[in-house]
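**Q** One structure follows; several queries about it will come next.
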Amino acid sequence: MDKFVIEGGHRLIGRVPISGSKNAVLPILAASLLCDGPVTLTNVPDLADVRLMLEILDELGVNSRIDAATSTVELEVVDRAPTIASYELVSQMRASFCVLGPLVGRRGEAQVSLPGGCVIGTRPVELHIKGLRAIGCEVEVEHGYVVAKAPGGRVEGGEVFLGGDFGSSVTGTANVLMAAVLARGVTLIEQAAVEPEVNDLCRFLVAMGADIDGIGTPTLRVTGVESLKGGTHRIIADRVEAATFAMAGAVNGSDVTIEDCNTSHLAAVLEKLAETGTRVERLSPSTVRVRGVRRLKSIDFTTLTYPGYPTDCQAQLMSILAIADGISVVTEKIYPDRFMHVAELLRLGAQIKKLGTSAIVQGVEYLSGAPVMASDLRAGAGLVLAALAATGESEIHRIYHIDRGYDRMESKLQSIGAKIQREAVVYRRRRDDRAAA
Ligand code: EPU
């Protein structure tokens with residue numbers, strides 16, 4: 001297991017290229033199950049989650065070749081018989097539940113393990129199941145697996161409303177969409193998620209021959225086609241990675257230019273950063289310069305579905321508000337329990353109180369370095385930002401969470417002057433373990 005050792009307080013200066021989007025590439029990799037010819041994906045980030053998805057696809061009969069030097073992945077289905085995605089693999093990454101839609105859509109049946117909860121909340125999948133039933137699939141939950149069948153081997157199509165208590169579902173929309181593209185008839189998805197990652201999936205499917213109207217809107221009309229061919233698709237830039245580096249620009253009076261991103265996908269984040277007094281300058285549709293000021297101003301923000309402020313950037317903004325002047329109120333409307341980073345920020349000297357689905361952040365003059373632990377991917381990114389801002393040395397443990405979703409985070413940070421090192425951790429056995437040995 002590795003940890004990051006970070007010496008905080010240094011000014012960051014330079015340009016950071018943004019990699020392809022984790023949350024776009026994972027469902028698109030799953031969508032390769034639908035295609036009859038070879039698929040080439042470019043701008044694929046080098047992530048543990050991408051490698052895990054390729055492992056799951058391998059078990060489902062998809063050959064793949066990854067070329068890290070060119071950020072390219074080639075895939076081709078060589079065996080259409082397997083229909084089971086096991087607990088061993090699905091439990092390691094929720095996004096692998098996205099194989100459900102393409103499996104039932106192309107192979108007529110699927111058995112995919114229920115992903116279960118995770119540290120950010122319970123994360124149900126009833127919208128996925130409701131959606132598949134509405135388009136003619138028989139779906140049961142048996143022995144911890146979702147078992148879906150398309151009567152006669154082909155999905156029928158139908159109408160489905162995908163809104164839930166917390167808005168629409170991103171991967172739920174992806175699953176229904178992927179099950180619908182090869183259907184006999186037409187599918188109307190109301191209250192579809194409009195996140196850029198869903199739109200990227202739609203564009204990929206259309207490029208392979210799917211017929212989808214309404215891309216980018218909450219109403220998607222999918223007319224089933226007989227087959228999808230292969231082809232090439234470039235994955236969109238990762239807006240969460242871009243936001244994380246933009247926030248790195250806001251601390252220690254730094255001056256960071258984020259390149260190869262889509263600034264329109266970052267509108268809510270850049271707006272909030274600007275409200276803190278940070279100087280935010282869009283240099284082009286794909287480039288934004290962020291310059292920190294001596295002391296950030298406190299602000300309030302609420303996480304929402306796109307185009308609102310993203311939950312995946314909540315921990316990062318909370319971290320920098322920990323050293324802002326005044327009180328900030330952070331409210332979670334997507335995952336009410338996504339506050340595991342609060343306890344770790346307290347270890348760095350932050351003053352934060354959790355109150356229901358909000359956290360009240362009383363900004364302090366400075367944070368002081370300490371050992372902390374990443375509980376999930378974005379909490380880990382938030383802790384990295386806090387450690388960069390803190391005085392002295394911090395250690396971030398369990399960075400395997402960060403490796404799931406950030407492409408070479410430490411080398412990108414080093415390139416703009418951060419003092420961050422990856423070190424292997426050798427955990428000493430506890431006293432009682434030694435006694436028992
Ligand atoms: N929800 C339901 N019922 C469902 C599905 C979802 O009530 O059947 C609720 C969830 O509990 C949550 C809300 O709807 O309150 C939104 O969840 P959604 O289904 O949209 O989340 P997801 O598709 O499982 C994706 C991202 C997450 C990101 C969320 C929200 C991928 C692979 N994952 O998850 O990314 O937080 O959308 O934007 O796209 C991350 O990258 O760190 C991450 C967690």
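Identifiers in the structure tokens: chain A, B, ... in order shown; residue index from 1 per chain; ligand index from 1 in order shown.
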For segment 347-356 of chain A, list every protein, DNA or RNA residue within 8 Å, evaluated using only C-alpha atoms, and leave out those in the same chain fewer than 6 positions away; present the list as a list of chain:residue names.

**A**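 Here the qualifying residues turn out to be A:Ala322, A:Ile323, A:Pro336, A:Phe339, A:Gln362, A:Gly363, A:Val364, A:Tyr366, A:Leu367, A:Ser368, A:Gly369, A:Ala370, A:Pro371, A:Val372, A:Ala386, A:Ala387, A:Ala390.
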
**Q** Pull C-alpha atoms from the residues just selected and write them as an mmCIF file, in the first residue's frame.

**A**
data_model
loop_
_atom_site.group_PDB
_atom_site.id
_atom_site.type_symbol
_atom_site.label_atom_id
_atom_site.label_comp_id
_atom_site.auth_asym_id
_atom_site.auth_seq_id
_atom_site.Cartn_x
_atom_site.Cartn_y
_atom_site.Cartn_z
ATOM 1 C CA ALA A 322 -11.255 25.338 5.698
ATOM 2 C CA ILE A 323 -8.685 28.155 5.438
ATOM 3 C CA PRO A 336 -26.374 13.052 2.337
ATOM 4 C CA PHE A 339 -18.780 13.704 4.716
ATOM 5 C CA GLN A 362 -15.348 27.930 10.297
ATOM 6 C CA GLY A 363 -12.274 29.016 8.342
ATOM 7 C CA VAL A 364 -8.985 28.970 10.258
ATOM 8 C CA TYR A 366 -3.810 27.870 8.703
ATOM 9 C CA LEU A 367 -3.946 24.060 8.653
ATOM 10 C CA SER A 368 -1.062 22.052 10.077
ATOM 11 C CA GLY A 369 0.292 18.888 8.469
ATOM 12 C CA ALA A 370 -0.681 15.523 9.984
ATOM 13 C CA PRO A 371 -1.165 11.887 8.957
ATOM 14 C CA VAL A 372 -4.652 11.392 7.476
ATOM 15 C CA ALA A 386 -5.679 20.488 2.340
ATOM 16 C CA ALA A 387 -2.181 19.021 2.779
ATOM 17 C CA ALA A 390 -1.108 23.141 5.325
#

**Q** With a distance cut-off of 9 Å and only C-alpha atoms, select the neighbouring residues of segment 199-216 of chain A, excluding the residue or stretch itself and same-chain residues fewer than 2 positions from it, and output the selection as a PyMOL selection string.

**A** chain A and resi 24-25+27-28+31+35+39+174+177-178+181-182+193-197+218-225+227-236

**Q** May I have the residues from that selection written out with N, CA, C and O atoms, as a tab-separated table (two decimals), in the first residue's frame?

**A**
chain	number	residue	atom	x	y	z
A	24	ALA	N	-16.82	9.06	-17.73
A	24	ALA	CA	-17.28	8.88	-19.11
A	24	ALA	C	-16.75	7.56	-19.66
A	24	ALA	O	-17.48	6.80	-20.30
A	25	VAL	N	-15.47	7.27	-19.39
A	25	VAL	CA	-14.89	6.10	-20.05
A	25	VAL	C	-15.46	4.78	-19.52
A	25	VAL	O	-15.59	3.82	-20.28
A	27	PRO	N	-18.62	3.69	-18.46
A	27	PRO	CA	-19.78	3.16	-19.21
A	27	PRO	C	-19.49	2.96	-20.69
A	27	PRO	O	-20.05	2.05	-21.30
A	28	ILE	N	-18.62	3.78	-21.26
A	28	ILE	CA	-18.31	3.60	-22.69
A	28	ILE	C	-17.56	2.28	-22.91
A	28	ILE	O	-17.81	1.57	-23.88
A	31	ALA	N	-20.07	-0.26	-22.96
A	31	ALA	CA	-20.86	-0.22	-24.21
A	31	ALA	C	-20.20	-0.97	-25.34
A	31	ALA	O	-20.85	-1.31	-26.33
A	35	CYS	N	-21.14	-3.69	-29.45
A	35	CYS	CA	-20.65	-3.45	-30.82
A	35	CYS	C	-20.23	-4.74	-31.51
A	35	CYS	O	-19.68	-5.64	-30.88
A	39	VAL	N	-13.47	-1.60	-31.44
A	39	VAL	CA	-13.67	-0.24	-30.94
A	39	VAL	C	-12.31	0.31	-30.50
A	39	VAL	O	-11.54	-0.39	-29.84
A	174	ALA	N	-27.40	5.50	-18.08
A	174	ALA	CA	-26.49	4.77	-18.98
A	174	ALA	C	-26.96	3.34	-19.20
A	174	ALA	O	-26.98	2.84	-20.34
A	177	LEU	N	-30.21	3.29	-21.36
A	177	LEU	CA	-29.84	3.69	-22.72
A	177	LEU	C	-29.15	2.54	-23.47
A	177	LEU	O	-29.49	2.23	-24.63
A	178	MET	N	-28.21	1.90	-22.79
A	178	MET	CA	-27.45	0.83	-23.46
A	178	MET	C	-28.32	-0.39	-23.72
A	178	MET	O	-28.10	-1.12	-24.69
A	181	VAL	N	-30.64	0.64	-27.06
A	181	VAL	CA	-30.17	0.98	-28.41
A	181	VAL	C	-30.39	-0.13	-29.44
A	181	VAL	O	-30.52	0.14	-30.64
A	182	LEU	N	-30.44	-1.41	-28.97
A	182	LEU	CA	-30.66	-2.51	-29.92
A	182	LEU	C	-32.08	-3.08	-29.79
A	182	LEU	O	-32.36	-4.19	-30.25
A	193	ALA	N	-30.46	11.64	-16.90
A	193	ALA	CA	-29.36	12.47	-16.38
A	193	ALA	C	-28.76	13.25	-17.55
A	193	ALA	O	-28.66	12.73	-18.67
A	194	VAL	N	-28.35	14.51	-17.28
A	194	VAL	CA	-27.79	15.33	-18.36
A	194	VAL	C	-26.31	15.61	-18.13
A	194	VAL	O	-25.75	16.53	-18.74
A	195	GLU	N	-25.68	14.83	-17.27
A	195	GLU	CA	-24.25	15.01	-17.01
A	195	GLU	C	-23.47	14.84	-18.32
A	195	GLU	O	-23.85	14.02	-19.19
A	196	PRO	N	-22.38	15.58	-18.50
A	196	PRO	CA	-21.59	15.48	-19.74
A	196	PRO	C	-21.13	14.06	-20.04
A	196	PRO	O	-20.98	13.68	-21.20
A	197	GLU	N	-20.98	13.24	-18.99
A	197	GLU	CA	-20.51	11.87	-19.20
A	197	GLU	C	-21.60	11.04	-19.90
A	197	GLU	O	-21.31	10.14	-20.69
A	218	PRO	N	-33.07	16.27	-20.81
A	218	PRO	CA	-33.59	15.20	-19.93
A	218	PRO	C	-34.54	14.24	-20.64
A	218	PRO	O	-35.03	13.30	-20.02
A	219	THR	N	-34.82	14.47	-21.91
A	219	THR	CA	-35.70	13.55	-22.64
A	219	THR	C	-34.93	12.92	-23.79
A	219	THR	O	-34.57	13.59	-24.76
A	220	LEU	N	-34.66	11.63	-23.65
A	220	LEU	CA	-33.92	10.92	-24.70
A	220	LEU	C	-34.89	9.99	-25.43
A	220	LEU	O	-35.66	9.25	-24.79
A	221	ARG	N	-34.84	10.04	-26.76
A	221	ARG	CA	-35.69	9.16	-27.56
A	221	ARG	C	-34.77	8.23	-28.32
A	221	ARG	O	-33.95	8.68	-29.14
A	222	VAL	N	-34.86	6.94	-28.01
A	222	VAL	CA	-33.94	5.96	-28.59
A	222	VAL	C	-34.75	5.05	-29.52
A	222	VAL	O	-35.68	4.38	-29.08
A	223	THR	N	-34.40	5.05	-30.79
A	223	THR	CA	-35.05	4.13	-31.73
A	223	THR	C	-34.10	2.95	-31.93
A	223	THR	O	-32.96	3.13	-32.39
A	224	GLY	N	-34.56	1.76	-31.56
A	224	GLY	CA	-33.68	0.59	-31.63
A	224	GLY	C	-33.19	0.33	-33.05
A	224	GLY	O	-33.92	0.55	-34.01
A	225	VAL	N	-31.95	-0.11	-33.16
A	225	VAL	CA	-31.39	-0.49	-34.47
A	225	VAL	C	-31.00	-1.97	-34.42
A	225	VAL	O	-30.97	-2.58	-33.35
A	227	SER	N	-28.07	-3.45	-35.28
A	227	SER	CA	-26.72	-3.76	-34.76
A	227	SER	C	-25.92	-2.47	-34.66
A	227	SER	O	-26.27	-1.45	-35.27
A	228	LEU	N	-24.86	-2.52	-33.87
A	228	LEU	CA	-23.91	-1.40	-33.78
A	228	LEU	C	-22.58	-1.88	-34.33
A	228	LEU	O	-22.14	-2.99	-34.03
A	229	LYS	N	-21.96	-1.01	-35.13
A	229	LYS	CA	-20.65	-1.38	-35.66
A	229	LYS	C	-19.58	-0.92	-34.66
A	229	LYS	O	-19.90	-0.36	-33.61
A	230	GLY	N	-18.33	-1.13	-35.01
A	230	GLY	CA	-17.24	-0.61	-34.18
A	230	GLY	C	-16.87	0.78	-34.64
A	230	GLY	O	-17.56	1.39	-35.46
A	231	GLY	N	-15.76	1.30	-34.14
A	231	GLY	CA	-15.31	2.63	-34.56
A	231	GLY	C	-14.40	3.25	-33.52
A	231	GLY	O	-13.95	2.57	-32.58
A	232	THR	N	-14.15	4.53	-33.70
A	232	THR	CA	-13.21	5.24	-32.83
A	232	THR	C	-13.94	6.38	-32.11
A	232	THR	O	-14.80	7.03	-32.70
A	233	HIS	N	-13.59	6.60	-30.86
A	233	HIS	CA	-14.21	7.68	-30.09
A	233	HIS	C	-13.19	8.28	-29.13
A	233	HIS	O	-12.42	7.54	-28.49
A	234	ARG	N	-13.20	9.61	-29.01
A	234	ARG	CA	-12.31	10.30	-28.06
A	234	ARG	C	-13.11	10.65	-26.79
A	234	ARG	O	-14.16	11.29	-26.87
A	235	ILE	N	-12.59	10.22	-25.66
A	235	ILE	CA	-13.28	10.45	-24.37
A	235	ILE	C	-13.13	11.93	-23.97
A	235	ILE	O	-12.05	12.52	-24.13
A	236	ILE	N	-14.20	12.51	-23.43
A	236	ILE	CA	-14.15	13.92	-22.99
A	236	ILE	C	-13.19	14.08	-21.81
A	236	ILE	O	-12.86	13.11	-21.12

**Q** For atom 15 (O, counted along the ligand's line) of ligand 1 and atom CA of Gly308 of chain A, determine how far apart the two atoms are, in Å to one decimal place.

**A**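 Separating atom 15 (O, counted along the ligand's line) of ligand 1 from atom CA of Gly308 of chain A is a distance of 14.2 Å.
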
**Q** Can you work out which one of A:Leu188, A:Leu304, A:Ala85, A:Ile13 has the shortest atom-to-atom distance to ligand 1, counting only C-alpha atoms and all ligand atoms?

**A** A:Leu304

**Q** Run DSSP on the backbone of this structure and report the residues of segment 39-140 of chain A it assigns to alpha helix (DSSP H), as a ChimeraX atom specification.

**A** /A:48-59,87-90,100-107,126-134

**Q** Report as a ChimeraX atom specification all protein, DNA and RNA residues lying within 10 Å of Ser328 of chain A, evaluated on only C-alpha atoms, omitting residues in the same chain fewer than 6 positions from it.

**A** /A:297-301,318,321-322,352,359-363

**Q** Which residues form the shell of 8 Å around ligand 1 when you count only C-alpha atoms and all ligand atoms, given as JSON, numbers by chain?

**A** {"A": [22, 23, 24, 26, 27, 94, 95, 120, 121, 122, 123, 124, 125, 126, 127, 128, 129, 164, 165, 166, 167, 168, 169, 170, 171, 172, 173, 193, 195, 197, 240, 305, 306, 310, 311, 312, 333, 334, 335, 336, 376, 377, 378, 405]}

**Q** Please provide as number ranges by chain all residues within 12 Å of Arg154 of chain A, with the sequence filter that same-chain residues fewer than 6 positions apart are discarded (counting only C-alpha atoms).

**A** A: 101-109, 135-138, 148, 179-185, 224-227

**Q** So that I have them on file, write out the residues from the current selection with N, CA and C atoms, as a PDB file, in the first residue's frame.

**A**
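As a result, again-v4.pdb now contains:
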ATOM      1  N   GLY A 101     -26.933  -3.221 -18.610  1.00  0.00           N
ATOM      2  CA  GLY A 101     -27.712  -2.769 -19.777  1.00  0.00           C
ATOM      3  C   GLY A 101     -27.204  -3.377 -21.085  1.00  0.00           C
ATOM      4  N   PRO A 102     -25.900  -3.232 -21.388  1.00  0.00           N
ATOM      5  CA  PRO A 102     -25.422  -3.800 -22.649  1.00  0.00           C
ATOM      6  C   PRO A 102     -25.532  -5.320 -22.727  1.00  0.00           C
ATOM      7  N   LEU A 103     -25.373  -6.002 -21.588  1.00  0.00           N
ATOM      8  CA  LEU A 103     -25.478  -7.478 -21.643  1.00  0.00           C
ATOM      9  C   LEU A 103     -26.888  -7.900 -22.031  1.00  0.00           C
ATOM     10  N   VAL A 104     -27.892  -7.310 -21.342  1.00  0.00           N
ATOM     11  CA  VAL A 104     -29.264  -7.724 -21.651  1.00  0.00           C
ATOM     12  C   VAL A 104     -29.663  -7.203 -23.038  1.00  0.00           C
ATOM     13  N   GLY A 105     -29.112  -6.043 -23.411  1.00  0.00           N
ATOM     14  CA  GLY A 105     -29.443  -5.467 -24.721  1.00  0.00           C
ATOM     15  C   GLY A 105     -28.892  -6.271 -25.876  1.00  0.00           C
ATOM     16  N   ARG A 106     -27.705  -6.835 -25.731  1.00  0.00           N
ATOM     17  CA  ARG A 106     -27.063  -7.538 -26.858  1.00  0.00           C
ATOM     18  C   ARG A 106     -27.165  -9.056 -26.743  1.00  0.00           C
ATOM     19  N   ARG A 107     -27.106  -9.568 -25.471  1.00  0.00           N
ATOM     20  CA  ARG A 107     -27.081 -11.029 -25.306  1.00  0.00           C
ATOM     21  C   ARG A 107     -28.412 -11.584 -24.807  1.00  0.00           C
ATOM     22  N   GLY A 108     -29.360 -10.679 -24.511  1.00  0.00           N
ATOM     23  CA  GLY A 108     -30.703 -11.114 -24.119  1.00  0.00           C
ATOM     24  C   GLY A 108     -30.808 -11.500 -22.665  1.00  0.00           C
ATOM     25  N   GLU A 109     -29.704 -11.605 -21.958  1.00  0.00           N
ATOM     26  CA  GLU A 109     -29.772 -11.894 -20.521  1.00  0.00           C
ATOM     27  C   GLU A 109     -28.509 -11.442 -19.813  1.00  0.00           C
ATOM     28  N   ILE A 135     -38.810  -1.137 -20.160  1.00  0.00           N
ATOM     29  CA  ILE A 135     -38.557  -1.352 -21.594  1.00  0.00           C
ATOM     30  C   ILE A 135     -38.645  -2.839 -21.967  1.00  0.00           C
ATOM     31  N   GLY A 136     -39.311  -3.578 -21.096  1.00  0.00           N
ATOM     32  CA  GLY A 136     -39.688  -4.938 -21.472  1.00  0.00           C
ATOM     33  C   GLY A 136     -38.816  -6.049 -20.918  1.00  0.00           C
ATOM     34  N   CYS A 137     -37.877  -5.737 -20.050  1.00  0.00           N
ATOM     35  CA  CYS A 137     -37.030  -6.809 -19.495  1.00  0.00           C
ATOM     36  C   CYS A 137     -37.705  -7.414 -18.264  1.00  0.00           C
ATOM     37  N   GLU A 138     -37.467  -8.695 -18.066  1.00  0.00           N
ATOM     38  CA  GLU A 138     -37.894  -9.338 -16.814  1.00  0.00           C
ATOM     39  C   GLU A 138     -36.707  -9.238 -15.871  1.00  0.00           C
ATOM     40  N   ALA A 148     -31.528 -10.283 -15.266  1.00  0.00           N
ATOM     41  CA  ALA A 148     -32.391  -9.611 -16.264  1.00  0.00           C
ATOM     42  C   ALA A 148     -32.469 -10.450 -17.528  1.00  0.00           C
ATOM     43  N   ALA A 179     -29.317  -0.609 -22.840  1.00  0.00           N
ATOM     44  CA  ALA A 179     -30.225  -1.733 -23.083  1.00  0.00           C
ATOM     45  C   ALA A 179     -31.175  -1.412 -24.231  1.00  0.00           C
ATOM     46  N   ALA A 180     -31.418  -0.101 -24.478  1.00  0.00           N
ATOM     47  CA  ALA A 180     -32.448   0.306 -25.448  1.00  0.00           C
ATOM     48  C   ALA A 180     -31.946   0.438 -26.876  1.00  0.00           C
ATOM     49  N   VAL A 181     -30.637   0.636 -27.061  1.00  0.00           N
ATOM     50  CA  VAL A 181     -30.173   0.984 -28.413  1.00  0.00           C
ATOM     51  C   VAL A 181     -30.389  -0.133 -29.444  1.00  0.00           C
ATOM     52  N   LEU A 182     -30.439  -1.406 -28.974  1.00  0.00           N
ATOM     53  CA  LEU A 182     -30.660  -2.509 -29.919  1.00  0.00           C
ATOM     54  C   LEU A 182     -32.082  -3.075 -29.791  1.00  0.00           C
ATOM     55  N   ALA A 183     -32.987  -2.295 -29.172  1.00  0.00           N
ATOM     56  CA  ALA A 183     -34.359  -2.793 -28.932  1.00  0.00           C
ATOM     57  C   ALA A 183     -35.140  -2.926 -30.237  1.00  0.00           C
ATOM     58  N   ARG A 184     -36.239  -3.661 -30.144  1.00  0.00           N
ATOM     59  CA  ARG A 184     -37.144  -3.807 -31.312  1.00  0.00           C
ATOM     60  C   ARG A 184     -37.826  -2.489 -31.629  1.00  0.00           C
ATOM     61  N   GLY A 185     -38.163  -1.749 -30.547  1.00  0.00           N
ATOM     62  CA  GLY A 185     -38.965  -0.534 -30.749  1.00  0.00           C
ATOM     63  C   GLY A 185     -38.286   0.713 -30.221  1.00  0.00           C
ATOM     64  N   GLY A 224     -34.556   1.764 -31.556  1.00  0.00           N
ATOM     65  CA  GLY A 224     -33.677   0.591 -31.626  1.00  0.00           C
ATOM     66  C   GLY A 224     -33.189   0.329 -33.050  1.00  0.00           C
ATOM     67  N   VAL A 225     -31.946  -0.113 -33.161  1.00  0.00           N
ATOM     68  CA  VAL A 225     -31.388  -0.492 -34.475  1.00  0.00           C
ATOM     69  C   VAL A 225     -31.001  -1.972 -34.419  1.00  0.00           C
ATOM     70  N   GLU A 226     -30.713  -2.560 -35.594  1.00  0.00           N
ATOM     71  CA  GLU A 226     -30.412  -4.004 -35.658  1.00  0.00           C
ATOM     72  C   GLU A 226     -29.053  -4.336 -35.048  1.00  0.00           C
ATOM     73  N   SER A 227     -28.069  -3.453 -35.278  1.00  0.00           N
ATOM     74  CA  SER A 227     -26.724  -3.757 -34.759  1.00  0.00           C
ATOM     75  C   SER A 227     -25.919  -2.466 -34.661  1.00  0.00           C
TER      76      SER A 227
END

**Q** Any idea what's packed within 8 Å of Thr287 of chain A, counting only C-alpha atoms, ignoring anything in its chain fewer than 4 positions away? Could you give it as a list in words?

**A**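 Result of the neighbour search: Thr257, Ile258, Glu259, Asp260, Cys261, Asn262, Thr263, Arg282 and Leu283 of chain A.
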
**Q** Nearest to Gly8 of chain A: which of A:Gly392, A:Gly20, A:Pro151, A:Gly292 is it, counting only C-alpha atoms?

**A**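 Among the listed residues, the smallest separation from Gly8 of chain A belongs to A:Gly392.
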
**Q** Contacts of segment 242-251 of chain A at 7 Å or less, counting only C-alpha atoms, minus same-chain residues fewer than 3 places along, as a PyMOL selection string?

**A** chain A and resi 12+18+238-239+254-256+258+261+266+269+278+290-292+313+316+385+389

**Q** Write out, as a short mmCIF file (atom, residue, chain, number, x, y, z; two decimals), in the first residue's frame, the residues just selected, with N, CA, C and O atoms.

**A**
data_model
loop_
_atom_site.label_atom_id
_atom_site.label_comp_id
_atom_site.auth_asym_id
_atom_site.auth_seq_id
_atom_site.Cartn_x
_atom_site.Cartn_y
_atom_site.Cartn_z
N LEU A 12 2.17 26.94 -6.16
CA LEU A 12 2.16 26.08 -7.36
C LEU A 12 2.07 26.98 -8.58
O LEU A 12 1.21 27.86 -8.64
N ILE A 18 -5.30 18.07 -18.60
CA ILE A 18 -6.34 17.23 -17.98
C ILE A 18 -6.53 15.95 -18.81
O ILE A 18 -6.55 15.99 -20.04
N ASP A 238 -11.83 15.08 -18.12
CA ASP A 238 -12.37 14.80 -16.80
C ASP A 238 -12.63 16.11 -16.05
O ASP A 238 -11.71 16.80 -15.62
N ARG A 239 -13.92 16.44 -15.88
CA ARG A 239 -14.24 17.74 -15.26
C ARG A 239 -13.92 17.74 -13.77
O ARG A 239 -13.68 18.78 -13.18
N SER A 254 -1.23 30.51 -5.52
CA SER A 254 -0.67 29.82 -6.71
C SER A 254 -1.18 30.41 -8.01
O SER A 254 -2.06 31.29 -8.02
N ASP A 255 -0.62 29.92 -9.11
CA ASP A 255 -0.99 30.41 -10.44
C ASP A 255 -0.96 29.19 -11.39
O ASP A 255 0.08 28.81 -11.89
N VAL A 256 -2.12 28.56 -11.57
CA VAL A 256 -2.18 27.28 -12.29
C VAL A 256 -3.10 27.42 -13.50
O VAL A 256 -4.21 27.94 -13.37
N ILE A 258 -5.13 25.33 -16.30
CA ILE A 258 -5.63 23.97 -16.60
C ILE A 258 -5.90 23.91 -18.10
O ILE A 258 -6.64 24.74 -18.63
N CYS A 261 -9.24 20.92 -21.03
CA CYS A 261 -10.50 20.59 -20.36
C CYS A 261 -11.63 21.24 -21.16
O CYS A 261 -11.39 21.83 -22.21
N LEU A 266 -17.33 23.09 -16.44
CA LEU A 266 -16.82 23.49 -15.12
C LEU A 266 -17.51 24.73 -14.58
O LEU A 266 -17.08 25.30 -13.57
N VAL A 269 -18.35 25.09 -10.85
CA VAL A 269 -17.15 25.07 -10.00
C VAL A 269 -16.39 26.39 -10.12
O VAL A 269 -15.99 27.00 -9.12
N THR A 278 -10.89 34.03 -5.57
CA THR A 278 -9.87 33.46 -6.46
C THR A 278 -10.03 34.08 -7.85
O THR A 278 -11.16 34.27 -8.31
N VAL A 290 -6.11 29.93 -13.03
CA VAL A 290 -6.63 30.15 -11.68
C VAL A 290 -5.51 30.71 -10.82
O VAL A 290 -4.45 30.09 -10.70
N ARG A 291 -5.76 31.87 -10.24
CA ARG A 291 -4.73 32.47 -9.38
C ARG A 291 -5.29 32.71 -7.98
O ARG A 291 -6.36 33.32 -7.83
N GLY A 292 -4.57 32.22 -7.01
CA GLY A 292 -5.03 32.35 -5.62
C GLY A 292 -4.76 33.75 -5.09
O GLY A 292 -3.94 34.49 -5.62
N CYS A 313 -17.01 17.14 -6.42
CA CYS A 313 -16.06 18.23 -6.13
C CYS A 313 -16.35 18.86 -4.77
O CYS A 313 -15.83 19.93 -4.46
N GLN A 316 -13.23 18.66 -2.17
CA GLN A 316 -12.12 19.52 -2.57
C GLN A 316 -12.39 20.97 -2.20
O GLN A 316 -11.52 21.66 -1.67
N LEU A 385 -5.45 18.43 -1.31
CA LEU A 385 -5.49 19.90 -1.40
C LEU A 385 -5.24 20.53 -0.03
O LEU A 385 -4.49 21.50 0.10
N ALA A 389 -2.03 22.94 1.24
CA ALA A 389 -2.22 24.26 1.84
C ALA A 389 -1.65 24.32 3.26
O ALA A 389 -1.38 25.41 3.77
#

**Q** What's the 12 Å shell around Tyr87 of chain A, counting only C-alpha atoms, without same-chain residues fewer than 6 positions away, as a list in words?

**A**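 Here the answer would be Ile56, Met93, Arg94, Ser96, Phe97, Gln111, Val112, Ser113, Leu114, Pro115, Gly116, His143, Gly144, Tyr145 and Val146 of chain A.
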
**Q** Going by DSSP on the backbone, which residues of segment 330-376 of chain A come out as strand (DSSP E or B)? List them as a ChimeraX atom specification.

**A** /A:330-331,351-355,358-362,368,371-373
